[in-house]
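Raw contents of structure25.cif, mmCIF, C-alpha atoms and all ligand atoms:
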data_input
#
loop_
_atom_site.label_atom_id
_atom_site.label_comp_id
_atom_site.auth_asym_id
_atom_site.auth_seq_id
_atom_site.Cartn_x
_atom_site.Cartn_y
_atom_site.Cartn_z
CA MET A 21 98.22 123.16 153.58
CA THR A 22 96.95 120.78 150.93
CA GLN A 23 99.12 117.76 150.52
CA THR A 24 99.90 116.76 146.96
CA ARG A 25 101.50 113.56 145.85
CA THR A 26 103.90 114.09 142.99
CA GLN A 27 105.38 111.91 140.31
CA ARG A 28 107.89 112.26 137.49
CA ALA A 29 106.28 112.50 134.08
CA ALA A 30 107.40 113.41 130.58
CA VAL A 31 105.22 116.38 129.67
CA LEU A 32 104.79 117.29 126.01
CA VAL A 33 105.66 120.99 126.07
CA LYS A 34 105.90 121.56 122.32
CA SER A 35 104.00 119.58 119.71
CA GLY A 36 104.44 119.83 115.96
CA GLU A 37 107.78 119.76 114.16
CA ASN A 38 110.59 118.61 116.52
CA PRO A 39 108.29 117.86 119.45
CA THR A 40 109.76 118.49 122.91
CA PHE A 41 109.09 116.81 126.24
CA GLU A 42 110.20 117.92 129.68
CA LEU A 43 110.55 115.69 132.73
CA ARG A 44 108.54 117.43 135.41
CA ASN A 45 107.17 116.71 138.84
CA VAL A 46 103.42 116.73 138.43
CA ALA A 47 100.56 115.60 140.61
CA VAL A 48 99.80 111.90 140.88
CA PRO A 49 96.49 111.61 139.01
CA ALA A 50 93.23 111.63 140.96
CA TYR A 51 90.98 108.65 140.46
CA GLY A 52 87.26 108.01 140.75
CA PRO A 53 85.32 105.48 142.80
CA ASN A 54 85.31 102.91 139.97
CA ASP A 55 89.00 103.34 139.05
CA VAL A 56 92.29 101.98 140.26
CA LEU A 57 95.63 103.74 140.64
CA ILE A 58 98.57 101.98 139.01
CA ARG A 59 102.29 102.38 139.77
CA LEU A 60 104.03 101.83 136.44
CA SER A 61 107.34 99.98 136.38
CA VAL A 62 108.08 100.33 132.67
CA THR A 63 106.87 102.06 129.54
CA SER A 64 107.98 101.53 125.99
CA VAL A 65 107.83 103.94 123.07
CA CYS A 66 105.61 103.39 120.04
CA GLY A 67 105.78 105.06 116.63
CA THR A 68 102.30 106.44 117.18
CA ASP A 69 103.65 108.52 120.07
CA TYR A 70 105.73 110.40 117.50
CA GLY A 71 102.71 110.91 115.21
CA MET A 72 100.74 112.23 118.18
CA ALA A 73 103.56 114.54 119.28
CA LEU A 74 103.74 115.90 115.74
CA GLY A 75 100.05 116.78 116.01
CA ARG A 76 99.11 114.45 113.15
CA MET A 77 96.39 112.77 115.20
CA GLY A 78 94.59 115.80 116.56
CA PRO A 79 94.68 117.25 120.08
CA THR A 80 96.45 115.17 122.72
CA ARG A 81 97.00 115.19 126.45
CA GLU A 82 100.31 116.43 127.79
CA ILE A 83 101.33 112.91 128.85
CA LEU A 84 101.62 110.47 125.94
CA GLY A 85 102.68 106.81 125.90
CA HIS A 86 100.52 103.71 125.52
CA GLU A 87 102.67 100.71 126.36
CA GLY A 88 102.97 100.28 130.12
CA VAL A 89 103.23 97.61 132.80
CA GLY A 90 102.78 98.11 136.53
CA ARG A 91 100.84 97.11 139.59
CA VAL A 92 97.60 98.29 141.13
CA ILE A 93 98.42 100.23 144.28
CA GLU A 94 95.11 101.79 145.29
CA LEU A 95 91.47 100.91 144.71
CA GLY A 96 88.61 103.37 144.16
CA SER A 97 85.97 103.34 146.87
CA ASN A 98 83.50 101.19 144.87
CA VAL A 99 86.07 98.74 143.58
CA PRO A 100 86.15 96.25 146.49
CA SER A 101 82.40 95.76 146.27
CA LEU A 102 82.40 95.54 142.45
CA ASP A 103 85.26 93.07 142.29
CA THR A 104 86.15 91.00 145.32
CA GLU A 105 88.98 89.28 143.44
CA LEU A 106 91.04 92.34 142.62
CA LYS A 107 93.75 93.04 145.14
CA VAL A 108 96.37 95.72 145.56
CA GLY A 109 99.51 94.34 143.89
CA GLN A 110 97.72 92.93 140.84
CA ARG A 111 100.03 93.18 137.84
CA VAL A 112 98.42 95.01 134.94
CA GLY A 113 99.15 96.41 131.51
CA LEU A 114 98.22 99.72 129.95
CA ALA A 115 97.60 99.90 126.22
CA TRP A 116 96.22 102.16 123.50
CA ASN A 117 92.64 101.55 124.56
CA ARG A 118 91.97 102.86 128.04
CA ASP A 119 88.27 102.11 128.15
CA VAL A 120 85.46 101.25 125.77
CA CYS A 121 82.12 103.01 125.68
CA GLY A 122 80.25 99.73 125.18
CA GLN A 123 77.53 101.51 123.21
CA CYS A 124 78.85 102.60 119.80
CA THR A 125 78.56 100.47 116.68
CA TYR A 126 82.20 99.37 116.96
CA CYS A 127 81.63 98.14 120.50
CA MET A 128 78.24 96.59 119.79
CA ASP A 129 78.46 94.98 116.32
CA PRO A 130 78.03 91.27 117.11
CA ASN A 131 79.79 90.22 113.91
CA HIS A 132 82.95 92.12 114.78
CA ALA A 133 83.06 91.74 118.53
CA ASP A 134 86.75 90.85 118.44
CA GLN A 135 87.65 94.03 116.57
CA GLY A 136 85.61 96.71 118.27
CA GLU A 137 87.82 97.64 121.18
CA GLY A 138 90.51 99.21 119.05
CA ARG A 139 88.02 101.31 117.17
CA CYS A 140 85.54 102.44 119.85
CA GLY A 141 83.76 105.49 118.47
CA ALA A 142 84.16 107.33 121.76
CA GLN A 143 87.96 107.29 121.20
CA LEU A 144 88.88 106.40 124.77
CA PHE A 145 92.59 106.19 124.06
CA SER A 146 95.87 106.71 125.90
CA GLY A 147 97.21 110.19 125.32
CA THR A 148 93.86 111.58 124.18
CA SER A 149 91.13 110.78 126.69
CA ALA A 150 93.52 109.63 129.42
CA ASP A 151 97.08 110.53 130.39
CA GLY A 152 99.51 108.01 128.94
CA THR A 153 102.32 105.87 130.27
CA PHE A 154 105.21 108.37 130.13
CA ALA A 155 104.65 108.81 133.87
CA GLU A 156 105.12 106.89 137.09
CA TYR A 157 101.41 106.58 137.83
CA ALA A 158 98.29 106.00 135.77
CA VAL A 159 94.58 105.55 136.37
CA ALA A 160 92.47 102.82 134.79
CA PRO A 161 88.78 102.06 135.09
CA LEU A 162 88.05 98.73 136.77
CA ARG A 163 85.83 97.73 133.84
CA TYR A 164 88.72 97.96 131.40
CA LEU A 165 91.62 96.77 133.48
CA ILE A 166 94.16 94.65 131.57
CA ARG A 167 95.04 92.09 134.22
CA LEU A 168 98.18 90.06 133.68
CA PRO A 169 97.49 86.62 135.16
CA SER A 170 100.04 84.95 137.44
CA GLU A 171 100.91 82.50 134.61
CA LEU A 172 102.72 85.45 133.04
CA ASP A 173 104.88 86.08 136.12
CA SER A 174 107.72 84.30 134.35
CA VAL A 175 107.73 87.01 131.66
CA SER A 176 109.70 90.14 132.62
CA ASP A 177 108.17 93.60 132.46
CA GLU A 178 110.63 94.43 129.67
CA ASP A 179 109.29 91.56 127.56
CA VAL A 180 105.63 92.22 128.35
CA VAL A 181 105.58 95.94 127.64
CA PRO A 182 106.30 95.92 123.88
CA ILE A 183 103.34 93.60 123.39
CA MET A 184 100.88 96.13 124.81
CA CYS A 185 100.70 98.01 121.50
CA GLY A 186 103.38 97.12 118.94
CA GLY A 187 103.24 93.41 119.69
CA VAL A 188 99.50 92.99 119.82
CA THR A 189 99.14 95.14 116.72
CA GLY A 190 101.45 92.83 114.79
CA TYR A 191 99.86 89.72 116.25
CA LYS A 192 96.29 90.80 115.51
CA ALA A 193 97.13 91.89 111.97
CA VAL A 194 98.71 88.51 111.18
CA LYS A 195 95.91 86.59 112.89
CA SER A 196 93.22 88.59 111.05
CA CYS A 197 94.65 87.58 107.68
CA GLY A 198 93.06 84.21 108.42
CA LEU A 199 95.72 82.16 106.65
CA VAL A 200 96.42 78.46 107.03
CA PRO A 201 99.84 77.48 108.47
CA GLY A 202 102.35 77.03 105.67
CA GLN A 203 101.00 79.89 103.60
CA ILE A 204 103.26 82.84 102.83
CA ILE A 205 102.89 86.17 104.58
CA ALA A 206 104.91 89.24 103.62
CA VAL A 207 105.45 92.12 106.04
CA VAL A 208 106.40 95.48 104.57
CA GLY A 209 108.28 97.57 107.14
CA THR A 210 110.24 95.54 109.71
CA GLY A 211 110.46 98.14 112.49
CA GLY A 212 108.74 97.96 115.89
CA VAL A 213 105.44 96.46 114.73
CA GLY A 214 106.71 94.70 111.62
CA LEU A 215 109.51 92.78 113.35
CA LEU A 216 107.07 91.51 115.98
CA ALA A 217 104.49 90.67 113.27
CA LEU A 218 107.13 88.54 111.56
CA GLN A 219 107.99 86.81 114.85
CA PHE A 220 104.34 85.99 115.51
CA ALA A 221 103.79 84.89 111.90
CA LYS A 222 106.69 82.45 112.14
CA ALA A 223 105.45 81.13 115.49
CA MET A 224 102.01 80.63 113.93
CA GLY A 225 103.48 78.40 111.24
CA TYR A 226 103.50 80.73 108.25
CA ARG A 227 106.35 81.17 105.82
CA THR A 228 107.57 84.75 106.12
CA ILE A 229 109.09 87.42 103.91
CA GLY A 230 110.28 90.70 105.45
CA ILE A 231 110.65 93.79 103.28
CA ASP A 232 112.45 97.00 104.25
CA VAL A 233 114.99 99.46 102.98
CA ASN A 234 118.40 98.40 104.24
CA ALA A 235 120.67 95.50 105.05
CA GLU A 236 120.65 96.19 108.80
CA LYS A 237 116.90 95.66 108.95
CA GLY A 238 117.45 92.45 107.04
CA ARG A 239 119.99 91.21 109.57
CA LEU A 240 117.48 91.80 112.37
CA ALA A 241 114.65 90.19 110.43
CA GLN A 242 116.82 87.11 109.99
CA GLU A 243 118.35 86.95 113.47
CA ILE A 244 115.31 87.97 115.51
CA ALA A 245 112.33 86.91 113.39
CA HIS A 246 114.01 84.06 111.49
CA VAL A 247 112.34 85.12 108.26
CA ASP A 248 112.43 82.73 105.35
CA HIS A 249 113.41 85.62 103.08
CA TYR A 250 114.23 89.30 103.31
CA VAL A 251 113.93 91.77 100.43
CA ASP A 252 116.13 94.87 100.70
CA ILE A 253 114.37 97.50 98.58
CA SER A 254 117.53 99.60 98.38
CA GLN A 255 119.24 96.81 96.45
CA LEU A 256 116.59 96.49 93.75
CA PRO A 257 117.35 97.95 90.33
CA LYS A 258 115.48 101.15 89.61
CA PRO A 259 112.85 100.84 86.84
CA ALA A 260 114.36 101.75 83.49
CA GLU A 261 113.22 104.90 81.70
CA GLY A 262 109.73 104.36 80.33
CA GLN A 263 109.15 101.26 82.47
CA PRO A 264 106.29 101.38 84.94
CA GLY A 265 107.23 101.78 88.63
CA ASP A 266 104.69 100.93 91.31
CA THR A 267 101.14 100.51 90.04
CA PRO A 268 97.98 99.06 91.62
CA PHE A 269 98.83 95.84 89.79
CA SER A 270 102.58 95.42 90.04
CA SER A 271 105.77 96.86 91.44
CA PRO A 272 109.48 96.06 91.17
CA VAL A 273 109.60 95.05 94.86
CA GLY A 274 106.45 93.02 94.28
CA ASP A 275 108.21 91.19 91.46
CA ALA A 276 111.14 90.50 93.81
CA VAL A 277 108.78 89.10 96.45
CA LYS A 278 106.90 86.99 93.91
CA LYS A 279 110.15 85.38 92.73
CA LEU A 280 110.53 83.98 96.26
CA THR A 281 107.12 82.28 96.19
CA PRO A 282 106.18 78.96 94.55
CA GLY A 283 105.18 79.51 90.94
CA GLY A 284 105.89 83.23 91.36
CA LEU A 285 102.31 83.69 92.46
CA GLY A 286 102.97 86.03 95.39
CA ALA A 287 102.15 86.17 99.09
CA ALA A 288 98.83 84.96 100.45
CA ALA A 289 98.78 88.08 102.64
CA VAL A 290 100.77 91.29 102.85
CA VAL A 291 100.83 93.18 106.15
CA ILE A 292 101.87 96.80 105.64
CA ALA A 293 103.50 97.93 108.88
CA SER A 294 105.11 101.01 107.41
CA GLY A 295 104.19 104.68 107.69
CA ALA A 296 105.13 105.35 104.06
CA ALA A 297 102.56 105.70 101.29
CA ALA A 298 105.07 104.17 98.86
CA ALA A 299 105.06 100.98 100.92
CA TYR A 300 101.30 100.75 100.58
CA GLN A 301 101.54 101.31 96.84
CA SER A 302 104.17 98.66 96.24
CA ALA A 303 102.39 96.08 98.41
CA PHE A 304 99.70 95.46 95.79
CA GLY A 305 102.33 93.95 93.53
CA MET A 306 103.24 91.27 96.12
CA LEU A 307 99.80 89.70 96.41
CA ALA A 308 98.90 86.23 95.22
CA PRO A 309 95.46 85.53 93.73
CA PHE A 310 92.85 85.99 96.51
CA GLY A 311 95.53 87.73 98.59
CA ILE A 312 94.79 89.71 101.74
CA TYR A 313 96.07 93.31 101.79
CA MET A 314 96.28 94.19 105.48
CA ALA A 315 96.76 97.86 106.36
CA VAL A 316 98.37 98.54 109.74
CA GLY A 317 100.87 101.42 109.54
CA LEU A 318 99.51 104.96 109.66
CA ILE A 319 100.54 107.30 106.88
CA PRO A 320 100.10 111.10 107.01
CA LEU A 321 96.52 112.17 106.35
CA ASP A 322 97.52 114.26 103.34
CA LYS A 323 98.92 111.18 101.58
CA THR A 324 96.77 108.76 99.60
CA VAL A 325 97.42 105.54 97.71
CA PRO A 326 95.77 105.06 94.31
CA PHE A 327 94.46 101.66 93.42
CA HIS A 328 92.50 100.37 90.48
CA PRO A 329 89.28 98.49 91.32
CA THR A 330 89.90 96.10 88.45
CA ALA A 331 92.81 94.71 90.45
CA LEU A 332 90.32 93.59 93.08
CA VAL A 333 87.81 92.30 90.54
CA ALA A 334 90.39 90.34 88.57
CA ASN A 335 92.42 88.92 91.44
CA GLY A 336 89.88 88.48 94.20
CA TRP A 337 92.07 90.48 96.55
CA GLN A 338 90.63 91.71 99.84
CA LEU A 339 91.60 95.06 101.33
CA LYS A 340 91.51 95.02 105.12
CA GLY A 341 92.82 97.01 108.07
CA SER A 342 93.71 96.03 111.62
CA ALA A 343 93.77 98.30 114.68
CA VAL A 344 95.76 97.23 117.77
CA GLY A 345 93.94 94.29 119.44
CA SER A 346 91.54 93.49 122.24
CA ARG A 347 92.53 92.62 125.80
CA GLY A 348 92.06 89.00 124.83
CA ASP A 349 94.41 89.43 121.91
CA ILE A 350 97.02 90.96 124.24
CA LEU A 351 96.85 87.90 126.50
CA GLU A 352 97.00 85.54 123.51
CA ALA A 353 100.05 87.37 122.18
CA LEU A 354 101.71 87.33 125.61
CA ASP A 355 101.29 83.58 125.79
CA PHE A 356 103.56 83.26 122.74
CA VAL A 357 106.17 85.21 124.73
CA ARG A 358 105.66 83.06 127.82
CA ARG A 359 106.17 79.92 125.77
CA GLY A 360 109.41 81.34 124.36
CA LEU A 361 108.10 81.41 120.79
CA VAL A 362 108.38 85.18 120.53
CA LYS A 363 111.07 87.26 122.22
CA PRO A 364 110.68 91.01 121.76
CA LEU A 365 113.87 92.86 120.86
CA THR A 366 114.27 95.62 123.44
CA GLN A 367 116.81 98.26 124.46
CA LEU A 368 116.75 99.83 127.90
CA ALA A 369 116.67 103.60 127.60
CA LYS A 370 116.65 106.59 129.93
CA PHE A 371 113.53 108.60 130.71
CA GLU A 372 115.67 111.76 130.43
CA ASP A 373 116.24 111.03 126.73
CA ILE A 374 112.53 110.92 125.87
CA ASP A 375 112.76 113.60 123.12
CA GLN A 376 115.39 111.61 121.30
CA LEU A 377 113.71 108.26 121.94
CA VAL A 378 110.36 109.38 120.50
CA ALA A 379 112.09 110.91 117.46
CA ASP A 380 114.19 107.77 116.90
CA VAL A 381 111.12 105.56 117.00
CA GLY A 382 109.11 107.89 114.76
CA LYS A 383 111.90 107.96 112.20
CA ALA A 384 112.54 104.19 112.40
CA ARG A 385 116.07 104.70 113.77
CA VAL A 386 115.84 102.12 116.54
CA GLU A 387 116.40 98.37 116.68
CA GLY A 388 113.34 96.84 118.31
CA LYS A 389 111.71 98.69 121.17
CA TYR A 390 112.98 101.25 123.64
CA VAL A 391 111.95 100.33 127.18
CA ILE A 392 112.17 102.91 129.97
CA ARG A 393 112.22 101.85 133.63
CA LEU A 394 110.03 104.11 135.72
CA ASP A 395 110.96 102.61 139.08
CA GLY A 396 114.69 103.32 139.16
CA PRO A 397 116.51 104.88 142.12
CA GLU A 398 115.83 108.40 140.86
CA SER A 399 112.09 107.80 140.73
CA SER A 400 109.72 109.44 143.13
CA ASP A 401 108.52 107.13 145.86
CA GLY A 402 104.90 108.10 145.48
CA GLY A 403 104.94 109.24 149.07
CA VAL A 404 102.95 112.16 150.32
CA LYS A 405 104.81 115.40 149.95
CA ALA A 406 103.87 118.72 151.46
ZN ZN B 1 101.25 102.16 119.61
ZN ZN B 2 82.48 102.27 121.78
#
How would this structure read if it were set down as structure tokens?
Ligand SMILES: [Zn+2]
Ligand SMILES: [Zn+2]
Amino acid sequence: MTQTRTQRAAVLVKSGENPTFELRNVAVPAYGPNDVLIRLSVTSVCGTDYGMALGRMGPTREILGHEGVGRVIELGSNVPSLDTELKVGQRVGLAWNRDVCGQCTYCMDPNHADQGEGRCGAQLFSGTSADGTFAEYAVAPLRYLIRLPSELDSVSDEDVVPIMCGGVTGYKAVKSCGLVPGQIIAVVGTGGVGLLALQFAKAMGYRTIGIDVNAEKGRLAQEIAHVDHYVDISQLPKPAEGQPGDTPFSSPVGDAVKKLTPGGLGAAAVVIASGAAAAYQSAFGMLAPFGIYMAVGLIPLDKTVPFHPTALVANGWQLKGSAVGSRGDILEALDFVRRGLVKPLTQLAKFEDIDQLVADVGKARVEGKYVIRLDGPESSDGGVKA
């Protein structure tokens, strides 16, 4: 009889509207000679998991999830000779990128070396080319292992795991705006990514403005991210009949943001961490002269955002986009957590509730990040079962 090792995993059994997962016992993944096997201790849930489960991002694997922390438990046959330092027990992270091809333009462009990993043309991503982190075990190639150095031992798994995607995405977006400390950065959408972006922005010495649609989000932005200001869109007066709403040049929420800035000039950068096209539209109106418009949140592919090129010509604005972050960015971001400058807001959640958790995150109905422990008493022991 062949012996199969089994693990608990959340298997996507129905994608599209109201996606459904089922906790199943499935085989522990096989790994190649240049790979390692990882026992995950935690995963968290990212908004992109919902978009993937809806089918908005093309075909996926059955196991989604791209924020994980665990330890290496087995080494592929070539690994000891390729890397004499790596030992069983090494603490590692798993993120959106699971490997890079090292050959495409994104990987090779010497002028954008710090931005290529998140955009590798071979699309070697969690949940598409590799099974994700909604499982007790995962495989990673040695060449793209995200090692968590012992200096980070003081940071709990629960605090590390949100940084693997949401945190590093917020950190990299803020960093890539290239501002000088003291300048004003506005973040539209203060959910999983946005709240962390605001925390990093504050820790990096910027003045911060959070923008979202209700008072509860404002309370979190103030208590967790210590924003200088919060703008609650739901409290703004609606444009009067005949008055322009959001345009590529101005918006009512933009006017509200500008009032909070010296001289009413606007924010030096606006990071859009929302999945709503309307958020992208209104963000133009917040920008100061020479402002950076930083796209981060993913909106449905059938939605577009009109802009007028004259706005760029006249104001010197720059339109940019940021995609997750490199392994180096992850370690930089984690050092903010280690130093106590950023503390992710997390809620422990049950693996059994994965349907609800993914839907909550996708619909922005969660405070901070859901973290699921994968090594609880009900977990499989990874032992060999007949
Ligand atoms: Zn993500
Ligand atoms: Zn590549």
Could you produce a table of the residues of chain A lying within 8 Å of ligand ZN 2 (chain B), with the nearest pair of atoms per residue and their separation in Å rounded to one decimal, using only C-alpha atoms and all ligand atoms, ordered by chain and increasing residue number, as a Markdown table?
| residue | atom | partner | partner_atom | distance |
| --- | --- | --- | --- | --- |
| A:Val120 | CA | B:ZN2 | ZN | 5.1 |
| A:Cys121 | CA | B:ZN2 | ZN | 4.0 |
| A:Gly122 | CA | B:ZN2 | ZN | 4.8 |
| A:Gln123 | CA | B:ZN2 | ZN | 5.2 |
| A:Cys124 | CA | B:ZN2 | ZN | 4.1 |
| A:Thr125 | CA | B:ZN2 | ZN | 6.7 |
| A:Tyr126 | CA | B:ZN2 | ZN | 5.6 |
| A:Cys127 | CA | B:ZN2 | ZN | 4.4 |
| A:Met128 | CA | B:ZN2 | ZN | 7.4 |
| A:Gly136 | CA | B:ZN2 | ZN | 7.3 |
| A:Glu137 | CA | B:ZN2 | ZN | 7.1 |
| A:Arg139 | CA | B:ZN2 | ZN | 7.3 |
| A:Cys140 | CA | B:ZN2 | ZN | 3.6 |
| A:Gly141 | CA | B:ZN2 | ZN | 4.8 |
| A:Ala142 | CA | B:ZN2 | ZN | 5.3 |
| A:Gln143 | CA | B:ZN2 | ZN | 7.5 |
Inset, instruction - Go ahead and find all residues with at least one atom no further than 12 Å from (90.5, 96.6, 131.0) in the file's coordinates, using all atoms listed in the file; report them as an NGL selection string. - result: :A and (55-56 or 112-121 or 137 or 144 or 159-168 or 346-348 or 350-351)
For C-alpha atoms, I'd like the residues from the last selection saved as an mmCIF file, keeping the file's coordinate frame.
data_model
loop_
_atom_site.group_PDB
_atom_site.id
_atom_site.type_symbol
_atom_site.label_atom_id
_atom_site.label_comp_id
_atom_site.auth_asym_id
_atom_site.auth_seq_id
_atom_site.Cartn_x
_atom_site.Cartn_y
_atom_site.Cartn_z
ATOM 1 C CA ASP A 55 89.000 103.340 139.050
ATOM 2 C CA VAL A 56 92.290 101.980 140.260
ATOM 3 C CA VAL A 112 98.420 95.010 134.940
ATOM 4 C CA GLY A 113 99.150 96.410 131.510
ATOM 5 C CA LEU A 114 98.220 99.720 129.950
ATOM 6 C CA ALA A 115 97.600 99.900 126.220
ATOM 7 C CA TRP A 116 96.220 102.160 123.500
ATOM 8 C CA ASN A 117 92.640 101.550 124.560
ATOM 9 C CA ARG A 118 91.970 102.860 128.040
ATOM 10 C CA ASP A 119 88.270 102.110 128.150
ATOM 11 C CA VAL A 120 85.460 101.250 125.770
ATOM 12 C CA CYS A 121 82.120 103.010 125.680
ATOM 13 C CA GLU A 137 87.820 97.640 121.180
ATOM 14 C CA LEU A 144 88.880 106.400 124.770
ATOM 15 C CA VAL A 159 94.580 105.550 136.370
ATOM 16 C CA ALA A 160 92.470 102.820 134.790
ATOM 17 C CA PRO A 161 88.780 102.060 135.090
ATOM 18 C CA LEU A 162 88.050 98.730 136.770
ATOM 19 C CA ARG A 163 85.830 97.730 133.840
ATOM 20 C CA TYR A 164 88.720 97.960 131.400
ATOM 21 C CA LEU A 165 91.620 96.770 133.480
ATOM 22 C CA ILE A 166 94.160 94.650 131.570
ATOM 23 C CA ARG A 167 95.040 92.090 134.220
ATOM 24 C CA LEU A 168 98.180 90.060 133.680
ATOM 25 C CA SER A 346 91.540 93.490 122.240
ATOM 26 C CA ARG A 347 92.530 92.620 125.800
ATOM 27 C CA GLY A 348 92.060 89.000 124.830
ATOM 28 C CA ILE A 350 97.020 90.960 124.240
ATOM 29 C CA LEU A 351 96.850 87.900 126.500
#
Inset, instruction - Please provide the set of residues having any atom within 7 Å of segment 393-398 of chain A, restricted to only C-alpha atoms, with same-chain residues fewer than 5 positions apart removed, written as a PyMOL selection string. - result: chain A and resi 60-63+156
Saved selection, atoms kept: C-alpha atoms, as a PDB file, keeping the file's coordinate frame:
ATOM      1  CA  LEU A  60     104.030 101.830 136.440  1.00  0.00           C
ATOM      2  CA  SER A  61     107.340  99.980 136.380  1.00  0.00           C
ATOM      3  CA  VAL A  62     108.080 100.330 132.670  1.00  0.00           C
ATOM      4  CA  THR A  63     106.870 102.060 129.540  1.00  0.00           C
ATOM      5  CA  GLU A 156     105.120 106.890 137.090  1.00  0.00           C
TER       6      GLU A 156
END
Legend entry - Minimum-distance residue to ligand ZN 1 (chain B), chosen among A:Gly85, A:Gly284, A:Pro259, A:Pro100 (using only C-alpha atoms and all ligand atoms):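 Closest residue, counting only C-alpha atoms and all ligand atoms: A:Gly85.
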At a cut-off of 10 Å, can you tabulate as a tab-separated table every residue of segment 113-187 of chain A near segment 191-200 of chain A together with its closest atom pair and the distance in Å to one decimal, using all atoms listed in the file and ordering rows by chain then number?
residue	atom	partner	partner_atom	distance
A:Asp134	CA	A:Lys192	CA	10.0
A:Gln135	CA	A:Lys192	CA	9.3
A:Ile183	CA	A:Tyr191	CA	8.8
A:Cys185	CA	A:Tyr191	CA	9.8
A:Gly186	CA	A:Tyr191	CA	8.6
A:Gly187	CA	A:Tyr191	CA	6.1
Inset, instruction - Could you report the residues within 12 Å of ligand ZN 1 (chain B), using only C-alpha atoms and all ligand atoms, as number ranges by chain? - result: A: 63-72, 84-88, 114-117, 138, 145-147, 152-153, 181-190, 212-213, 293, 316-318, 343-345, 378, 381-382, 389
Inset, instruction - Take atom CA of Ala296 of chain A and atom CA of Leu256 of chain A and report the distance between them in Å, one decimal. - result: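 Between atom CA of Ala296 of chain A and atom CA of Leu256 of chain A the gap is 17.8 Å.
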Legend entry - Point-to-point distance in Å for atom CA of Asp177 of chain A and atom CA of Gly341 of chain A: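 Atom CA of Asp177 of chain A lies 29.0 Å from atom CA of Gly341 of chain A.
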Inset, instruction - Go through A:Ala158, A:Val99, A:Ala150, A:Val175 and flag the residue nearest Arg359 of chain A, using only C-alpha atoms for the distances. - result: A:Val175
Inset, instruction - Excluding segment 360-368 of chain A and residues on its chain fewer than 5 positions from it, collect all residues at most 7 Å away from it, counting all atoms listed in the file, and give them as a VMD selection string. - result: chain A and resid 179 182 216 219 to 220 223 388 to 392
For those residues, write C-alpha atoms to a file as a CSV table (one decimal), in the coordinates of the input.
chain,number,residue,atom,x,y,z
A,179,ASP,CA,109.3,91.6,127.6
A,182,PRO,CA,106.3,95.9,123.9
A,216,LEU,CA,107.1,91.5,116.0
A,219,GLN,CA,108.0,86.8,114.8
A,220,PHE,CA,104.3,86.0,115.5
A,223,ALA,CA,105.4,81.1,115.5
A,388,GLY,CA,113.3,96.8,118.3
A,389,LYS,CA,111.7,98.7,121.2
A,390,TYR,CA,113.0,101.2,123.6
A,391,VAL,CA,112.0,100.3,127.2
A,392,ILE,CA,112.2,102.9,130.0
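If you look at atom CA of Ile231 of chain A and atom CA of Pro201 of chain A, they are 20.2 Å away from each other.
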Legend entry - Spatial neighbours of Phe41 of chain A, 9 Å, all atoms listed in the file, chain gap at least 6 places, as number ranges by chain: A: 30-35, 82, 374-375
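Minimum atom-to-atom distance to Phe310 of chain A, evaluated using all atoms listed in the file, belongs to A:Ala334 out of A:Val208, A:Ile93, A:Ala334, A:Ala47.
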Legend entry - Pick from A:Leu285, A:Ile253, A:Val357, A:Ile292 nearest to Asn335 of chain A, counting all atoms listed in the file: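 Under the stated criterion, the closest residue is A:Leu285.
You can rank A:Leu377, A:Leu339, A:Val89, A:Ala260 by their closest distance to Ser176 of chain A using all atoms listed in the file, and at the top of that list sits A:Val89.
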Inset, instruction - Might you pull out every residue within 10 Å of Glu37 of chain A, with only C-alpha atoms counted and same-chain residues fewer than 2 positions away left off, and present them as number ranges by chain? - result: A: 34-35, 39-40, 73-75
Inset, instruction - Go through A:Lys258, A:Lys340, A:Lys370, A:Lys222 and flag the residue nearest Gln242 of chain A, using all atoms listed in the file for the distances. - result: A:Lys222
